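K.L.:
Please find one structure pasted underneath; my questions will follow.
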Amino acid sequence: RLRAGIITHKVSNTHWLLVSNAPYSIYLELGTVNMAARPFMRPTAYHLKKIAPEVIKNSFKDLR
């Protein structure tokens, strides 16, 4: 359910929004008083931020 609930929304040509609609996802991501955080969105977002320039660069190569 958690994986299936992750969706993306295109905000503009250069911005996308990554969202989890599982009601418990915020508790997993940030943790609670009784449970350590088990982040799943932030690591993915950081990885995508790192590789985005290369992906964009390669997509323009394909247009030539």
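Please note that chains go A, B, ... in the order of the structure tokens, that every chain numbers its residues from 1, and that ligands are numbered from 1 in the order shown.
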Can you list, as a list of chain:residue names, every protein, DNA or RNA residue that comes within 12 Å of Tyr24 (chain A) when you count only C-alpha atoms, leaving out same-chain residues fewer than 3 positions away?

P.N.:
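What passes the distance filter is A:Arg1, A:Leu2, A:Gly5, A:Ser20, A:Asn21, A:Tyr27, A:Leu28, A:Glu29, A:Leu30, A:Gly31, A:Thr32, A:Ala37, A:Arg38, A:Pro39.
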
K.L.:
Selection from above, N, CA and C atoms, as a PDB file, in the first residue's frame, can you write it?

P.N.:
```
ATOM      1  N   ARG A   1       0.829  -1.196   0.000  1.00  0.00           N
ATOM      2  CA  ARG A   1       0.000   0.000   0.000  1.00  0.00           C
ATOM      3  C   ARG A   1       0.875   1.263   0.000  1.00  0.00           C
ATOM      4  N   LEU A   2       1.966   1.212   0.743  1.00  0.00           N
ATOM      5  CA  LEU A   2       2.846   2.380   0.804  1.00  0.00           C
ATOM      6  C   LEU A   2       3.445   2.674  -0.572  1.00  0.00           C
ATOM      7  N   GLY A   5       0.974   3.911  -3.089  1.00  0.00           N
ATOM      8  CA  GLY A   5       0.435   5.230  -2.796  1.00  0.00           C
ATOM      9  C   GLY A   5       1.349   6.381  -3.162  1.00  0.00           C
ATOM     10  N   SER A  20       3.095  10.839  -1.078  1.00  0.00           N
ATOM     11  CA  SER A  20       2.594   9.546  -0.627  1.00  0.00           C
ATOM     12  C   SER A  20       1.226   9.770  -0.013  1.00  0.00           C
ATOM     13  N   ASN A  21       0.232   9.065  -0.507  1.00  0.00           N
ATOM     14  CA  ASN A  21      -1.116   9.256   0.034  1.00  0.00           C
ATOM     15  C   ASN A  21      -1.489   8.218   1.087  1.00  0.00           C
ATOM     16  N   TYR A  27       4.354   9.222   9.502  1.00  0.00           N
ATOM     17  CA  TYR A  27       4.903   8.619  10.714  1.00  0.00           C
ATOM     18  C   TYR A  27       6.141   7.772  10.400  1.00  0.00           C
ATOM     19  N   LEU A  28       6.105   7.079   9.273  1.00  0.00           N
ATOM     20  CA  LEU A  28       7.286   6.321   8.867  1.00  0.00           C
ATOM     21  C   LEU A  28       8.430   7.254   8.500  1.00  0.00           C
ATOM     22  N   GLU A  29       8.121   8.292   7.783  1.00  0.00           N
ATOM     23  CA  GLU A  29       9.159   9.219   7.303  1.00  0.00           C
ATOM     24  C   GLU A  29       9.845   9.960   8.451  1.00  0.00           C
ATOM     25  N   LEU A  30       9.066  10.448   9.390  1.00  0.00           N
ATOM     26  CA  LEU A  30       9.616  11.294  10.445  1.00  0.00           C
ATOM     27  C   LEU A  30       9.756  10.604  11.801  1.00  0.00           C
ATOM     28  N   GLY A  31       9.083   9.481  11.974  1.00  0.00           N
ATOM     29  CA  GLY A  31       9.110   8.793  13.256  1.00  0.00           C
ATOM     30  C   GLY A  31       8.083   9.386  14.214  1.00  0.00           C
ATOM     31  N   THR A  32       7.970   8.744  15.359  1.00  0.00           N
ATOM     32  CA  THR A  32       7.069   9.214  16.410  1.00  0.00           C
ATOM     33  C   THR A  32       7.822   9.146  17.731  1.00  0.00           C
ATOM     34  N   ALA A  37      12.331   6.915  13.033  1.00  0.00           N
ATOM     35  CA  ALA A  37      11.996   7.230  11.643  1.00  0.00           C
ATOM     36  C   ALA A  37      12.500   6.127  10.721  1.00  0.00           C
ATOM     37  N   ARG A  38      11.716   5.857   9.707  1.00  0.00           N
ATOM     38  CA  ARG A  38      12.094   4.910   8.657  1.00  0.00           C
ATOM     39  C   ARG A  38      11.877   5.612   7.312  1.00  0.00           C
ATOM     40  N   PRO A  39      12.730   6.592   7.027  1.00  0.00           N
ATOM     41  CA  PRO A  39      12.500   7.416   5.833  1.00  0.00           C
ATOM     42  C   PRO A  39      12.526   6.608   4.538  1.00  0.00           C
TER      43      PRO A  39
END
```

K.L.:
Enumerate, as an NGL selection string, the complete set of residues in chain A that a backbone-based DSSP assignment places in strand (DSSP E).

P.N.:
:A and (6-10 or 16-20)

K.L.:
From a DSSP pass on the backbone, collect the residues of chain A flagged as alpha helix (DSSP H) and hand them back as a list in words.

P.N.:
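Everything in chain A that counts as alpha helix (DSSP H) is Ser25, Ile26, Tyr27, Leu28, Glu29, Leu30, Met41, Arg42, Pro43, Thr44, Ala45, Tyr46, His47, Leu48, Lys49, Lys50, Ile51, Ala52, Pro53, Glu54, Val55, Ile56, Lys57, Asn58, Ser59, Phe60, Lys61, Asp62 and Leu63 of chain A.
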
K.L.:
Determine the nearest neighbour of Ile7 (chain A) from the options A:Ser59, A:Lys49, A:Met41, A:Asn34, counting only C-alpha atoms.

P.N.:
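So, comparing all the options, the nearest one is A:Met41.
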
K.L.:
For CA of Ala36 (chain A) and CA of Ile6 (chain A), quote the distance in Å rounded to one decimal.

P.N.:
21.2 Å

K.L.:
Hey, can you check how far CA of Ala22 (chain A) sits from CA of Ala4 (chain A)?

P.N.:
8.7 Å

K.L.:
Neighbouring residues of His15 (chain A) were defined as those with any atom within 12 Å, considering only C-alpha atoms; residues of the same chain fewer than 4 positions away were excluded. Please report them as a CSV table (one decimal) with N, CA, C and O atoms, in the first residue's frame.

P.N.:
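Listed below is the output, result-v2.csv:
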```
chain,number,residue,atom,x,y,z
A,8,THR,N,3.3,11.1,-8.4
A,8,THR,CA,4.0,12.3,-8.8
A,8,THR,C,3.0,13.3,-9.5
A,8,THR,O,2.0,12.8,-10.1
A,9,HIS,N,3.2,14.6,-9.3
A,9,HIS,CA,2.4,15.6,-10.0
A,9,HIS,C,3.4,16.5,-10.6
A,9,HIS,O,4.3,17.0,-10.0
A,10,LYS,N,3.2,16.8,-11.9
A,10,LYS,CA,4.0,17.8,-12.6
A,10,LYS,C,3.5,19.2,-12.2
A,10,LYS,O,2.4,19.5,-12.5
A,11,VAL,N,4.4,20.0,-11.6
A,11,VAL,CA,4.1,21.3,-11.2
A,11,VAL,C,4.4,22.3,-12.4
A,11,VAL,O,3.6,23.2,-12.7
A,48,LEU,N,17.2,11.5,-6.6
A,48,LEU,CA,16.7,12.1,-7.8
A,48,LEU,C,17.3,13.5,-8.0
A,48,LEU,O,17.6,13.9,-9.2
A,49,LYS,N,17.5,14.3,-7.0
A,49,LYS,CA,18.1,15.6,-7.1
A,49,LYS,C,19.5,15.5,-7.6
A,49,LYS,O,20.0,16.3,-8.4
A,52,ALA,N,19.3,14.2,-11.5
A,52,ALA,CA,18.5,15.0,-12.4
A,52,ALA,C,19.3,15.8,-13.5
A,52,ALA,O,18.9,15.7,-14.6
```

K.L.:
Compare A:Met35, A:Ile56, A:Ile26, A:Ile51 by their minimum atom-to-atom distance to Thr14 (chain A), counting only C-alpha atoms, and give me the closest one.

P.N.:
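Closest candidate: A:Ile56.
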
K.L.:
Between CA of Leu18 (chain A) and CA of Arg42 (chain A), what is the spacing in Å?

P.N.:
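We find that CA of Arg42 (chain A) and CA of Leu18 (chain A) lie 9.9 Å from each other.
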
K.L.:
Taking into account only C-alpha atoms, which residue in the set A:Lys61, A:Arg3, A:Val55, A:Val33 is nearest to Val19 (chain A)?

P.N.:
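Of all the options, A:Arg3 lies closest to Val19 (chain A).
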